[in-house]
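Just run-v6.txt here, compact mmCIF, C-alpha atoms:
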# COMPACT_ATOMS: atom_id res chain seq x y z
CA MET G 1 -99.89 25.82 4.98
CA SER G 2 -98.69 24.27 1.75
CA ARG G 3 -97.67 21.07 3.51
CA ALA G 4 -99.09 18.88 6.23
CA GLY G 5 -97.96 19.28 9.82
CA CYS G 6 -96.80 22.30 11.75
CA PHE G 7 -93.17 23.19 12.46
CA VAL G 8 -92.59 25.09 15.71
CA VAL G 9 -89.14 26.12 16.94
CA LEU G 10 -88.18 27.20 20.47
CA GLU G 11 -85.28 29.62 20.68
CA GLY G 12 -83.45 31.69 23.24
CA PRO G 13 -80.18 31.93 25.15
CA GLU G 14 -78.92 29.30 27.59
CA GLY G 15 -81.23 28.88 30.55
CA ALA G 16 -84.15 30.78 29.03
CA GLY G 17 -86.36 27.80 29.74
CA LYS G 18 -86.60 26.08 26.35
CA SER G 19 -86.39 22.52 27.70
CA THR G 20 -88.99 23.16 30.39
CA LEU G 21 -91.29 24.78 27.84
CA ALA G 22 -90.78 21.93 25.37
CA GLN G 23 -91.88 19.40 27.98
CA ALA G 24 -95.00 21.39 28.82
CA LEU G 25 -95.92 21.79 25.15
CA LEU G 26 -95.34 18.10 24.49
CA ALA G 27 -97.70 17.24 27.35
CA ASN G 28 -100.30 19.70 26.04
CA ALA G 29 -100.14 18.25 22.54
CA ARG G 30 -100.48 14.69 23.76
CA ALA G 31 -103.38 15.63 26.02
CA ALA G 32 -105.08 17.20 23.00
CA GLY G 33 -104.54 14.07 20.92
CA ILE G 34 -102.19 15.83 18.49
CA GLN G 35 -99.45 13.71 16.92
CA VAL G 36 -96.22 15.36 17.97
CA THR G 37 -92.49 14.90 17.37
CA ALA G 38 -89.96 16.63 19.63
CA VAL G 39 -86.36 17.21 18.53
CA ARG G 40 -83.37 19.12 19.80
CA GLU G 41 -80.32 20.47 18.03
CA PRO G 42 -77.68 19.40 17.50
CA GLY G 43 -78.66 15.73 17.61
CA GLY G 44 -81.56 13.42 16.87
CA THR G 45 -79.78 11.26 14.26
CA PRO G 46 -76.65 9.08 14.47
CA ALA G 47 -74.57 11.66 12.60
CA GLY G 48 -76.16 14.51 14.54
CA GLU G 49 -75.40 12.93 17.90
CA ALA G 50 -71.82 12.28 16.79
CA ALA G 51 -71.52 15.92 15.71
CA ARG G 52 -72.93 16.96 19.11
CA ARG G 53 -70.21 14.99 20.89
CA ILE G 54 -67.52 16.76 18.85
CA LEU G 55 -69.09 20.16 19.61
CA LEU G 56 -69.23 19.50 23.36
CA ASP G 57 -65.69 18.12 23.61
CA HIS G 58 -63.91 20.32 26.17
CA ALA G 59 -60.53 18.74 25.41
CA HIS G 60 -60.53 19.63 21.70
CA PRO G 61 -62.56 22.81 21.12
CA VAL G 62 -63.21 23.39 17.42
CA GLY G 63 -62.89 26.74 15.66
CA PRO G 64 -65.91 28.87 14.70
CA GLU G 65 -66.05 27.57 11.12
CA ALA G 66 -66.02 23.89 12.11
CA GLU G 67 -68.58 24.65 14.81
CA LEU G 68 -70.88 26.08 12.14
CA PHE G 69 -70.39 23.17 9.74
CA LEU G 70 -70.97 20.55 12.44
CA VAL G 71 -74.19 22.29 13.47
CA LEU G 72 -75.31 22.39 9.83
CA ALA G 73 -74.41 18.74 9.24
CA ALA G 74 -76.55 17.78 12.23
CA ARG G 75 -79.38 20.04 11.01
CA ALA G 76 -79.32 18.60 7.49
CA GLU G 77 -79.66 15.06 8.84
CA LEU G 78 -82.38 16.06 11.30
CA VAL G 79 -84.43 17.77 8.57
CA ARG G 80 -83.98 14.88 6.15
CA HIS G 81 -84.56 11.96 8.48
CA VAL G 82 -86.85 13.30 11.21
CA ILE G 83 -88.46 16.71 10.67
CA ARG G 84 -89.55 16.36 7.02
CA PRO G 85 -91.01 12.86 7.47
CA ALA G 86 -92.84 13.96 10.63
CA LEU G 87 -94.31 17.02 8.88
CA ASP G 88 -95.27 14.91 5.88
CA GLY G 89 -97.04 12.61 8.34
CA GLY G 90 -99.05 15.55 9.67
CA HIS G 91 -97.19 15.87 12.98
CA LEU G 92 -96.67 18.94 15.08
CA VAL G 93 -92.86 19.17 15.25
CA LEU G 94 -91.40 20.92 18.31
CA ALA G 95 -87.73 21.77 17.80
CA ASP G 96 -85.41 22.95 20.55
CA ARG G 97 -83.24 25.32 18.40
CA PHE G 98 -83.02 25.76 14.62
CA GLU G 99 -81.74 28.46 12.23
CA LEU G 100 -82.06 31.36 14.67
CA SER G 101 -79.57 29.67 17.00
CA THR G 102 -77.03 29.72 14.19
CA LEU G 103 -77.57 33.44 13.65
CA ALA G 104 -77.28 34.11 17.39
CA TYR G 105 -74.32 31.86 18.24
CA GLN G 106 -72.27 31.55 15.07
CA VAL G 107 -72.95 34.96 13.49
CA ALA G 108 -73.53 37.34 16.44
CA GLY G 109 -71.50 35.30 18.93
CA ARG G 110 -68.58 34.03 16.83
CA GLY G 111 -68.60 36.75 14.19
CA LEU G 112 -68.99 34.57 11.09
CA PRO G 113 -70.35 36.38 8.00
CA ALA G 114 -74.16 36.52 8.05
CA GLU G 115 -74.76 36.09 4.34
CA THR G 116 -72.49 33.06 3.93
CA VAL G 117 -74.02 31.44 7.00
CA ALA G 118 -77.56 32.06 5.70
CA THR G 119 -76.66 30.54 2.33
CA ALA G 120 -75.13 27.47 3.92
CA ASN G 121 -78.10 27.14 6.25
CA ARG G 122 -80.53 27.10 3.32
CA LEU G 123 -78.57 24.21 1.87
CA ALA G 124 -78.80 22.38 5.21
CA THR G 125 -82.55 22.88 5.59
CA GLY G 126 -83.48 22.46 1.93
CA GLY G 127 -85.39 25.73 2.35
CA LEU G 128 -87.56 24.46 5.20
CA VAL G 129 -88.76 27.42 7.28
CA PRO G 130 -90.59 27.10 10.62
CA ASP G 131 -94.26 28.02 10.75
CA LEU G 132 -93.60 29.59 14.13
CA THR G 133 -90.43 30.45 16.05
CA LEU G 134 -90.97 31.26 19.71
CA VAL G 135 -88.10 33.30 21.18
CA LEU G 136 -87.85 33.23 24.96
CA ASP G 137 -86.77 36.68 26.11
CA VAL G 138 -85.08 36.80 29.50
CA ALA G 139 -83.39 39.63 31.37
CA SER G 140 -79.63 39.72 30.79
CA GLY G 141 -77.83 37.16 32.94
CA THR G 142 -81.03 35.47 34.13
CA GLY G 143 -80.61 32.40 31.97
CA ARG G 144 -77.11 31.54 33.08
CA ALA G 145 -77.95 32.29 36.72
CA ARG G 146 -80.85 29.83 36.44
CA GLN G 147 -78.55 27.18 35.03
CA HIS G 148 -76.00 27.60 37.79
CA ALA G 149 -78.75 27.46 40.39
CA ALA G 150 -79.96 24.22 38.82
CA GLY G 151 -76.44 22.77 39.00
CA LYS G 152 -76.26 22.28 35.24
CA ILE G 153 -73.06 20.71 34.03
CA THR G 154 -71.18 23.30 32.03
CA ASP G 155 -70.48 22.77 28.36
CA ARG G 156 -68.21 24.62 25.96
CA LEU G 157 -70.60 27.54 25.55
CA ASP G 158 -70.50 28.13 29.29
CA ASP G 159 -66.76 28.62 29.00
CA GLU G 160 -67.25 31.63 26.74
CA ASP G 161 -66.76 35.12 28.10
CA PRO G 162 -69.66 37.40 29.13
CA ALA G 163 -69.28 39.50 25.95
CA PHE G 164 -70.02 36.42 23.84
CA HIS G 165 -73.19 35.69 25.80
CA ALA G 166 -74.20 39.35 25.62
CA ARG G 167 -73.94 39.31 21.81
CA VAL G 168 -76.01 36.13 21.67
CA ALA G 169 -78.67 37.58 23.97
CA GLU G 170 -78.80 40.80 21.98
CA ALA G 171 -79.24 38.87 18.72
CA TYR G 172 -82.17 36.99 20.19
CA LEU G 173 -83.83 40.15 21.51
CA ALA G 174 -83.40 41.82 18.12
CA ALA G 175 -84.65 38.86 16.05
CA GLN G 176 -87.47 39.90 13.73
CA ALA G 177 -88.65 37.78 10.84
CA ARG G 178 -91.79 36.28 9.47
CA GLY G 179 -93.09 33.72 11.94
CA VAL G 180 -90.86 34.90 14.79
CA ARG G 181 -92.71 35.71 18.00
CA HIS G 182 -91.18 36.85 21.27
CA LEU G 183 -92.35 35.59 24.66
CA ASN G 184 -91.55 37.24 27.95
CA ALA G 185 -89.80 34.39 29.76
CA ASN G 186 -89.27 36.32 33.01
CA ARG G 187 -92.58 34.83 34.15
CA SER G 188 -93.55 31.49 35.65
CA PRO G 189 -93.13 28.44 33.39
CA THR G 190 -96.91 27.95 33.48
CA GLU G 191 -97.61 31.44 32.14
CA VAL G 192 -94.98 31.08 29.41
CA ALA G 193 -96.33 27.68 28.40
CA GLN G 194 -99.90 28.96 28.24
CA GLU G 195 -99.03 31.82 25.90
CA ALA G 196 -96.82 29.52 23.77
CA TRP G 197 -99.55 26.89 23.49
CA ASP G 198 -102.13 29.50 22.47
CA ALA G 199 -99.79 30.70 19.72
CA ILE G 200 -99.13 27.17 18.48
CA ARG G 201 -102.84 26.31 18.39
CA GLN G 202 -103.49 29.42 16.34
CA VAL G 203 -100.71 28.79 13.82
CA GLY G 204 -101.35 25.06 13.59
CA GLY G 205 -105.12 25.41 13.37
CA PHE G 206 -105.59 23.07 16.34
CA ALA G 207 -108.86 23.25 18.20
CA MET J 1 -45.42 33.67 -2.56
CA SER J 2 -46.82 36.12 -0.05
CA ARG J 3 -46.41 33.64 2.80
CA ALA J 4 -43.78 31.17 3.88
CA GLY J 5 -44.03 27.52 2.92
CA CYS J 6 -45.51 25.82 -0.09
CA PHE J 7 -48.95 24.20 -0.21
CA VAL J 8 -49.26 21.27 -2.63
CA VAL J 9 -52.47 19.24 -3.05
CA LEU J 10 -52.81 15.81 -4.65
CA GLU J 11 -56.16 15.13 -6.28
CA GLY J 12 -57.84 12.48 -8.41
CA PRO J 13 -60.47 9.75 -8.27
CA GLU J 14 -60.26 6.67 -6.06
CA GLY J 15 -57.28 4.49 -6.93
CA ALA J 16 -55.52 7.11 -9.06
CA GLY J 17 -52.42 6.63 -6.93
CA LYS J 18 -52.51 9.64 -4.58
CA SER J 19 -51.32 7.75 -1.49
CA THR J 20 -48.47 6.08 -3.35
CA LEU J 21 -47.44 9.41 -4.83
CA ALA J 22 -47.67 11.14 -1.44
CA GLN J 23 -45.28 8.62 0.07
CA ALA J 24 -42.79 9.06 -2.76
CA LEU J 25 -42.93 12.86 -2.50
CA LEU J 26 -42.54 12.73 1.27
CA ALA J 27 -39.42 10.62 0.85
CA ASN J 28 -38.06 12.99 -1.80
CA ALA J 29 -38.64 16.02 0.41
CA ARG J 30 -36.96 14.41 3.41
CA ALA J 31 -34.03 13.28 1.31
CA ALA J 32 -33.65 16.89 0.10
CA GLY J 33 -33.72 18.19 3.68
CA ILE J 34 -36.99 20.07 3.15
CA GLN J 35 -39.28 20.41 6.16
CA VAL J 36 -42.49 18.71 5.13
CA THR J 37 -45.95 18.09 6.62
CA ALA J 38 -48.24 15.48 5.06
CA VAL J 39 -52.01 15.52 5.66
CA ARG J 40 -55.03 13.73 4.27
CA GLU J 41 -58.69 14.74 4.15
CA PRO J 42 -60.94 14.26 5.92
CA GLY J 43 -58.90 13.88 9.12
CA GLY J 44 -55.73 15.07 10.78
CA THR J 45 -57.34 16.66 13.84
CA PRO J 46 -59.53 15.19 16.60
CA ALA J 47 -62.69 16.74 15.11
CA GLY J 48 -61.60 15.84 11.58
CA GLU J 49 -61.01 12.19 12.47
CA ALA J 50 -64.40 12.08 14.22
CA ALA J 51 -66.00 13.57 11.10
CA ARG J 52 -64.20 10.96 8.99
CA ARG J 53 -65.70 8.16 11.09
CA ILE J 54 -69.20 9.57 10.54
CA LEU J 55 -68.57 9.84 6.79
CA LEU J 56 -67.33 6.26 6.49
CA ASP J 57 -70.14 4.75 8.60
CA HIS J 58 -71.82 2.16 6.36
CA ALA J 59 -74.66 1.62 8.83
CA HIS J 60 -75.81 5.25 8.87
CA PRO J 61 -75.03 6.88 5.52
CA VAL J 62 -75.48 10.66 5.68
CA GLY J 63 -77.21 12.75 3.01
CA PRO J 64 -75.29 14.89 0.49
CA GLU J 65 -75.65 18.09 2.52
CA ALA J 66 -74.34 16.58 5.76
CA GLU J 67 -71.54 14.93 3.79
CA LEU J 68 -70.48 18.36 2.51
CA PHE J 69 -70.65 20.01 5.93
CA LEU J 70 -68.69 17.22 7.63
CA VAL J 71 -65.98 17.47 4.96
CA LEU J 72 -65.86 21.25 5.45
CA ALA J 73 -65.75 20.97 9.25
CA ALA J 74 -62.76 18.64 8.94
CA ARG J 75 -61.12 20.98 6.41
CA ALA J 76 -61.60 24.05 8.60
CA GLU J 77 -59.90 22.33 11.53
CA LEU J 78 -57.09 20.98 9.37
CA VAL J 79 -56.37 24.43 7.90
CA ARG J 80 -56.51 26.12 11.30
CA HIS J 81 -54.54 23.65 13.37
CA VAL J 82 -52.18 21.96 10.92
CA ILE J 83 -51.83 23.48 7.44
CA ARG J 84 -51.61 27.20 8.34
CA PRO J 85 -49.12 26.65 11.19
CA ALA J 86 -46.98 24.40 8.97
CA LEU J 87 -46.96 26.97 6.15
CA ASP J 88 -46.17 29.75 8.62
CA GLY J 89 -43.26 27.59 9.77
CA GLY J 90 -41.96 27.41 6.21
CA HIS J 91 -42.96 23.78 5.60
CA LEU J 92 -43.83 22.13 2.33
CA VAL J 93 -47.38 20.86 2.99
CA LEU J 94 -48.51 17.82 0.98
CA ALA J 95 -52.28 17.35 1.19
CA ASP J 96 -54.11 14.24 0.00
CA ARG J 97 -57.32 15.99 -1.20
CA PHE J 98 -58.58 19.57 -0.69
CA GLU J 99 -61.12 21.85 -2.38
CA LEU J 100 -61.11 20.11 -5.76
CA SER J 101 -62.34 16.90 -4.11
CA THR J 102 -65.39 18.80 -2.89
CA LEU J 103 -66.11 20.05 -6.40
CA ALA J 104 -65.68 16.55 -7.83
CA TYR J 105 -67.55 14.51 -5.21
CA GLN J 106 -70.13 16.84 -3.66
CA VAL J 107 -70.89 19.06 -6.68
CA ALA J 108 -70.35 16.84 -9.75
CA GLY J 109 -71.01 13.57 -7.93
CA ARG J 110 -73.83 14.47 -5.53
CA GLY J 111 -75.29 17.38 -7.48
CA LEU J 112 -75.01 20.07 -4.79
CA PRO J 113 -75.05 23.68 -6.10
CA ALA J 114 -71.56 24.79 -7.18
CA GLU J 115 -71.77 28.40 -6.04
CA THR J 116 -73.06 27.63 -2.54
CA VAL J 117 -70.41 24.95 -2.11
CA ALA J 118 -67.66 27.33 -3.26
CA THR J 119 -68.85 30.00 -0.81
CA ALA J 120 -68.96 27.56 2.09
CA ASN J 121 -65.56 26.19 1.14
CA ARG J 122 -64.01 29.67 1.27
CA LEU J 123 -65.31 30.00 4.80
CA ALA J 124 -63.75 26.63 5.69
CA THR J 125 -60.35 27.48 4.22
CA GLY J 126 -60.25 31.12 5.26
CA GLY J 127 -59.36 31.81 1.64
CA LEU J 128 -56.27 29.59 1.64
CA VAL J 129 -55.54 28.44 -1.94
CA PRO J 130 -52.95 25.78 -2.83
CA ASP J 131 -49.80 26.89 -4.62
CA LEU J 132 -50.05 23.75 -6.74
CA THR J 133 -52.78 21.15 -7.22
CA LEU J 134 -51.63 18.00 -8.99
CA VAL J 135 -54.52 16.08 -10.55
CA LEU J 136 -53.81 12.42 -11.30
CA ASP J 137 -55.55 11.56 -14.57
CA VAL J 138 -56.33 7.88 -15.07
CA ALA J 139 -58.28 6.06 -17.76
CA SER J 140 -61.92 5.51 -16.82
CA GLY J 141 -62.32 2.56 -14.45
CA THR J 142 -58.58 2.11 -13.91
CA GLY J 143 -58.56 3.53 -10.43
CA ARG J 144 -61.26 1.31 -9.01
CA ALA J 145 -59.84 -1.73 -10.77
CA ARG J 146 -56.49 -0.99 -9.10
CA GLN J 147 -58.16 -0.78 -5.72
CA HIS J 148 -59.97 -4.06 -6.15
CA ALA J 149 -56.76 -5.71 -7.30
CA ALA J 150 -55.06 -4.40 -4.17
CA GLY J 151 -57.83 -5.83 -2.00
CA LYS J 152 -58.76 -2.42 -0.60
CA ILE J 153 -61.55 -2.48 1.94
CA THR J 154 -64.55 -0.76 0.42
CA ASP J 155 -65.92 2.42 1.94
CA ARG J 156 -69.15 4.29 1.31
CA LEU J 157 -67.90 5.85 -1.92
CA ASP J 158 -67.26 2.39 -3.33
CA ASP J 159 -70.94 1.62 -2.82
CA GLU J 160 -71.93 4.37 -5.26
CA ASP J 161 -73.11 3.48 -8.74
CA PRO J 162 -70.85 3.75 -11.83
CA ALA J 163 -72.60 6.95 -12.97
CA PHE J 164 -71.50 8.68 -9.76
CA HIS J 165 -67.89 7.66 -10.30
CA ALA J 166 -68.10 8.69 -13.95
CA ARG J 167 -69.25 12.21 -12.96
CA VAL J 168 -66.41 12.47 -10.42
CA ALA J 169 -63.83 11.29 -12.97
CA GLU J 170 -65.16 13.72 -15.58
CA ALA J 171 -64.97 16.61 -13.10
CA TYR J 172 -61.33 15.80 -12.37
CA LEU J 173 -60.43 15.56 -16.05
CA ALA J 174 -62.14 18.89 -16.73
CA ALA J 175 -60.60 20.75 -13.76
CA GLN J 176 -58.87 23.93 -14.88
CA ALA J 177 -57.86 26.68 -12.47
CA ARG J 178 -54.83 28.66 -11.48
CA GLY J 179 -52.27 26.31 -10.00
CA VAL J 180 -54.00 23.15 -11.24
CA ARG J 181 -51.75 20.82 -13.19
CA HIS J 182 -52.71 17.46 -14.66
CA LEU J 183 -50.43 14.41 -14.53
CA ASN J 184 -50.87 11.33 -16.68
CA ALA J 185 -51.20 8.66 -13.99
CA ASN J 186 -51.47 5.75 -16.42
CA ARG J 187 -47.70 5.41 -16.08
CA SER J 188 -45.44 3.79 -13.52
CA PRO J 189 -45.49 5.31 -10.01
CA THR J 190 -41.84 6.25 -10.48
CA GLU J 191 -42.52 8.26 -13.63
CA VAL J 192 -45.51 10.00 -12.04
CA ALA J 193 -43.51 10.83 -8.90
CA GLN J 194 -40.62 12.24 -10.94
CA GLU J 195 -42.87 14.63 -12.87
CA ALA J 196 -44.71 15.62 -9.70
CA TRP J 197 -41.50 16.29 -7.80
CA ASP J 198 -40.13 18.42 -10.64
CA ALA J 199 -43.33 20.50 -10.59
CA ILE J 200 -43.18 20.93 -6.81
CA ARG J 201 -39.53 21.98 -6.88
CA GLN J 202 -40.31 24.58 -9.50
CA VAL J 203 -43.32 26.04 -7.65
CA GLY J 204 -41.68 25.86 -4.22
CA GLY J 205 -38.37 27.26 -5.41
CA PHE J 206 -36.51 24.24 -3.99
CA ALA J 207 -33.07 23.51 -5.41
Translate this structure into structure tokens?
Amino acid sequence: MSRAGCFVVLEGPEGAGKSTLAQALLANARAAGIQVTAVREPGGTPAGEAARRILLDHAHPVGPEAELFLVLAARAELVRHVIRPALDGGHLVLADRFELSTLAYQVAGRGLPAETVATANRLATGGLVPDLTLVLDVASGTGRARQHAAGKITDRLDDEDPAFHARVAEAYLAAQARGVRHLNANRSPTEVAQEAWDAIRQVGGFA
Amino acid sequence: MSRAGCFVVLEGPEGAGKSTLAQALLANARAAGIQVTAVREPGGTPAGEAARRILLDHAHPVGPEAELFLVLAARAELVRHVIRPALDGGHLVLADRFELSTLAYQVAGRGLPAETVATANRLATGGLVPDLTLVLDVASGTGRARQHAAGKITDRLDDEDPAFHARVAEAYLAAQARGVRHLNANRSPTEVAQEAWDAIRQVGGFA
């Protein structure tokens, strides 16, 4: 890698198990003595958390364009103030969502133009690309069923119709790019975490 | 015009007299029995006002990219929920700032790439272009001196160095596009308002 650190992103539809996996990977990294920084989008900075509150406001749902721009504002601040400094300090950075979420939710889900969104995203990230993006593949409907079973409080995305969630899921399943790796997440959290950790160790050059 | 209503934007550097002019034009329109909607950027919707608070937060200044995206999020909501409906209803819409502010502050001032910003802005506006943009031209330094004389509370833009404000002022002076008209704002507010109102009546086809 041309820079210090290792940037790993966890992606997938709602309820695919990203948060559970992030916790397991964080524990693995700490046990291995690896300096690690965990972030989630949108959020992680004062402006990012404020943008998150706007995005999750049931009473005043924003349109697709504002949704995109708020996500990108949060991402720009997160890259600038947290991710870049952590990578420069040699950290393993574990991010819950990054660019692929924007392609899944705002492009496939909301129907915004792919090229414009990609251009705007590059401005937000300053061209930062993950070393590894792990996409959690789950059978259609599994993720949301898991969330309901867990009693998760619904947010605005949960209010969307099934067709929206189907487009998002399809975009994730179809995602192919350099550094993108799919994991079968219809398995136990332990199995998923083991495969994810093996992939991270390989990409990051960790023992 | 291909749609109902008339969309007029007031532009210029800090202290050029946009707010004073907006009030005069609003009074003129009401006196003439014209249905009028006045807006200012960023703001005018719940998400837009929340974005404004983030942008004006001295304690946590955002980077140039997040600044752009927050401005565009606010603009997208304002167009969708206020400006478009008002124009569809046949209103004269008076906007304190719109796209030209982004070119002056985020491109000329902050140095963000012009083409990317223009592309993102088109997504925010849905292609809506003002019928008339009135740029208030003031002698260098006049605007900020006026603000200090008026005891205006400083915001984040006031904390920027003189070179930043010089680039913004230069961008405004150089602005040339269809529908952009410059007004000499080194005159009395009454003279400026008279010329502005004449221009609006002509463009809007008001008696």
Using all atoms listed in the file, the residue out of J:Val82, J:Ala73, J:Ile34, J:Ala171 with shortest distance to chain G is J:Ala73
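Distance check against chain G using only C-alpha atoms: of J:Ala32, J:Leu103, J:Val39, J:Leu112, the minimum falls on J:Leu112.
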As a VMD selection string, could you give me every residue of chain G near chain J (at most 6 Å apart, counting only C-alpha atoms)? chain G and resid 65 to 66 69 73 76 124
Determine the nearest neighbour of Gly143 (chain J) from the options J:Leu173, J:Ala16, J:Gly44, J:Ala104, counting all atoms listed in the file. J:Ala16
So that I can check the surroundings of Ala29 (chain G), please list as an NGL selection string every protein, DNA and RNA residue that reaches within 10 Å of it, counting only C-alpha atoms and ignoring chain neighbours fewer than 4 positions away. :G and (23-25 or 33-37 or 92 or 197 or 200-201 or 206)
Please write as number ranges by chain the list of polymer residues whose atoms come within 12 Å of (-91.7, 31.6, 36.1), counting all atoms listed in the file and keeping to the coordinates of the file. G: 16-17, 20-21, 136, 138, 142-143, 146, 184-194
Do you know which residues are at most 7 Å from region 2-15 of chain J counting only C-alpha atoms, after dropping those on the same chain fewer than 3 positions away, and could you put them as a short mmCIF file (atom, residue, chain, number, x, y, z; two decimals) with C-alpha atoms, keeping the file's coordinate frame?
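File produced: result36.cif:
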data_model
loop_
_atom_site.label_atom_id
_atom_site.label_comp_id
_atom_site.auth_asym_id
_atom_site.auth_seq_id
_atom_site.Cartn_x
_atom_site.Cartn_y
_atom_site.Cartn_z
CA LYS J 18 -52.51 9.64 -4.58
CA LEU J 87 -46.96 26.97 6.15
CA ASP J 88 -46.17 29.75 8.62
CA GLY J 89 -43.26 27.59 9.77
CA GLY J 90 -41.96 27.41 6.21
CA HIS J 91 -42.96 23.78 5.60
CA LEU J 92 -43.83 22.13 2.33
CA VAL J 93 -47.38 20.86 2.99
CA LEU J 94 -48.51 17.82 0.98
CA ALA J 95 -52.28 17.35 1.19
CA ASP J 96 -54.11 14.24 0.00
CA ARG J 97 -57.32 15.99 -1.20
CA PHE J 98 -58.58 19.57 -0.69
CA SER J 101 -62.34 16.90 -4.11
CA PRO J 130 -52.95 25.78 -2.83
CA ASP J 131 -49.80 26.89 -4.62
CA LEU J 132 -50.05 23.75 -6.74
CA THR J 133 -52.78 21.15 -7.22
CA LEU J 134 -51.63 18.00 -8.99
CA VAL J 135 -54.52 16.08 -10.55
CA LEU J 136 -53.81 12.42 -11.30
CA ASP J 137 -55.55 11.56 -14.57
CA GLY J 143 -58.56 3.53 -10.43
CA ARG J 144 -61.26 1.31 -9.01
CA ARG J 146 -56.49 -0.99 -9.10
CA GLN J 147 -58.16 -0.78 -5.72
CA VAL J 168 -66.41 12.47 -10.42
CA ALA J 169 -63.83 11.29 -12.97
CA TYR J 172 -61.33 15.80 -12.37
CA GLY J 204 -41.68 25.86 -4.22
#
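Computed from the coordinates, the CA of Gln106 (chain J) to CA of His182 (chain J) distance equals 20.6 Å.
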Set up a box along x, y and z of the file covering all listed atoms of region 57-67 of chain J, add 3 Å on every one of the six sides, and write the centre and edge lengths in Å to one decimal, as JSON.
{"center_x": -73.7, "center_y": 9.9, "center_z": 4.7, "size_x": 13.1, "size_y": 22.5, "size_z": 14.4}
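A straight line drawn from CA of Asp161 (chain J) to CA of Arg40 (chain J) is 24.5 Å long.
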What would region 48-61 of chain J look like with N, CA and C atoms in place, written as a PDB file, in the frame of the given file?
ATOM      1  N   GLY J  48     -61.653  16.331  12.953  1.00  0.00           N
ATOM      2  CA  GLY J  48     -61.600  15.840  11.580  1.00  0.00           C
ATOM      3  C   GLY J  48     -61.653  14.318  11.520  1.00  0.00           C
ATOM      4  N   GLU J  49     -60.964  13.661  12.448  1.00  0.00           N
ATOM      5  CA  GLU J  49     -61.010  12.190  12.470  1.00  0.00           C
ATOM      6  C   GLU J  49     -62.398  11.706  12.891  1.00  0.00           C
ATOM      7  N   ALA J  50     -63.024  12.437  13.811  1.00  0.00           N
ATOM      8  CA  ALA J  50     -64.400  12.080  14.220  1.00  0.00           C
ATOM      9  C   ALA J  50     -65.351  12.266  13.038  1.00  0.00           C
ATOM     10  N   ALA J  51     -65.173  13.348  12.290  1.00  0.00           N
ATOM     11  CA  ALA J  51     -66.000  13.570  11.100  1.00  0.00           C
ATOM     12  C   ALA J  51     -65.771  12.470  10.075  1.00  0.00           C
ATOM     13  N   ARG J  52     -64.523  12.038   9.929  1.00  0.00           N
ATOM     14  CA  ARG J  52     -64.200  10.960   8.990  1.00  0.00           C
ATOM     15  C   ARG J  52     -64.954   9.675   9.355  1.00  0.00           C
ATOM     16  N   ARG J  53     -64.998   9.379  10.659  1.00  0.00           N
ATOM     17  CA  ARG J  53     -65.700   8.160  11.090  1.00  0.00           C
ATOM     18  C   ARG J  53     -67.185   8.249  10.743  1.00  0.00           C
ATOM     19  N   ILE J  54     -67.775   9.424  10.902  1.00  0.00           N
ATOM     20  CA  ILE J  54     -69.200   9.570  10.540  1.00  0.00           C
ATOM     21  C   ILE J  54     -69.364   9.347   9.040  1.00  0.00           C
ATOM     22  N   LEU J  55     -68.466   9.929   8.251  1.00  0.00           N
ATOM     23  CA  LEU J  55     -68.570   9.840   6.790  1.00  0.00           C
ATOM     24  C   LEU J  55     -68.396   8.418   6.281  1.00  0.00           C
ATOM     25  N   LEU J  56     -67.614   7.624   6.974  1.00  0.00           N
ATOM     26  CA  LEU J  56     -67.330   6.260   6.490  1.00  0.00           C
ATOM     27  C   LEU J  56     -68.247   5.219   7.133  1.00  0.00           C
ATOM     28  N   ASP J  57     -69.251   5.667   7.881  1.00  0.00           N
ATOM     29  CA  ASP J  57     -70.140   4.750   8.600  1.00  0.00           C
ATOM     30  C   ASP J  57     -71.154   4.131   7.615  1.00  0.00           C
ATOM     31  N   HIS J  58     -70.916   2.876   7.275  1.00  0.00           N
ATOM     32  CA  HIS J  58     -71.820   2.160   6.360  1.00  0.00           C
ATOM     33  C   HIS J  58     -73.244   2.079   6.909  1.00  0.00           C
ATOM     34  N   ALA J  59     -73.350   1.904   8.227  1.00  0.00           N
ATOM     35  CA  ALA J  59     -74.660   1.620   8.830  1.00  0.00           C
ATOM     36  C   ALA J  59     -75.587   2.833   8.795  1.00  0.00           C
ATOM     37  N   HIS J  60     -75.011   4.025   8.827  1.00  0.00           N
ATOM     38  CA  HIS J  60     -75.810   5.250   8.870  1.00  0.00           C
ATOM     39  C   HIS J  60     -75.314   6.242   7.839  1.00  0.00           C
ATOM     40  N   PRO J  61     -75.522   5.963   6.551  1.00  0.00           N
ATOM     41  CA  PRO J  61     -75.030   6.880   5.520  1.00  0.00           C
ATOM     42  C   PRO J  61     -75.705   8.247   5.627  1.00  0.00           C
TER      43      PRO J  61
END
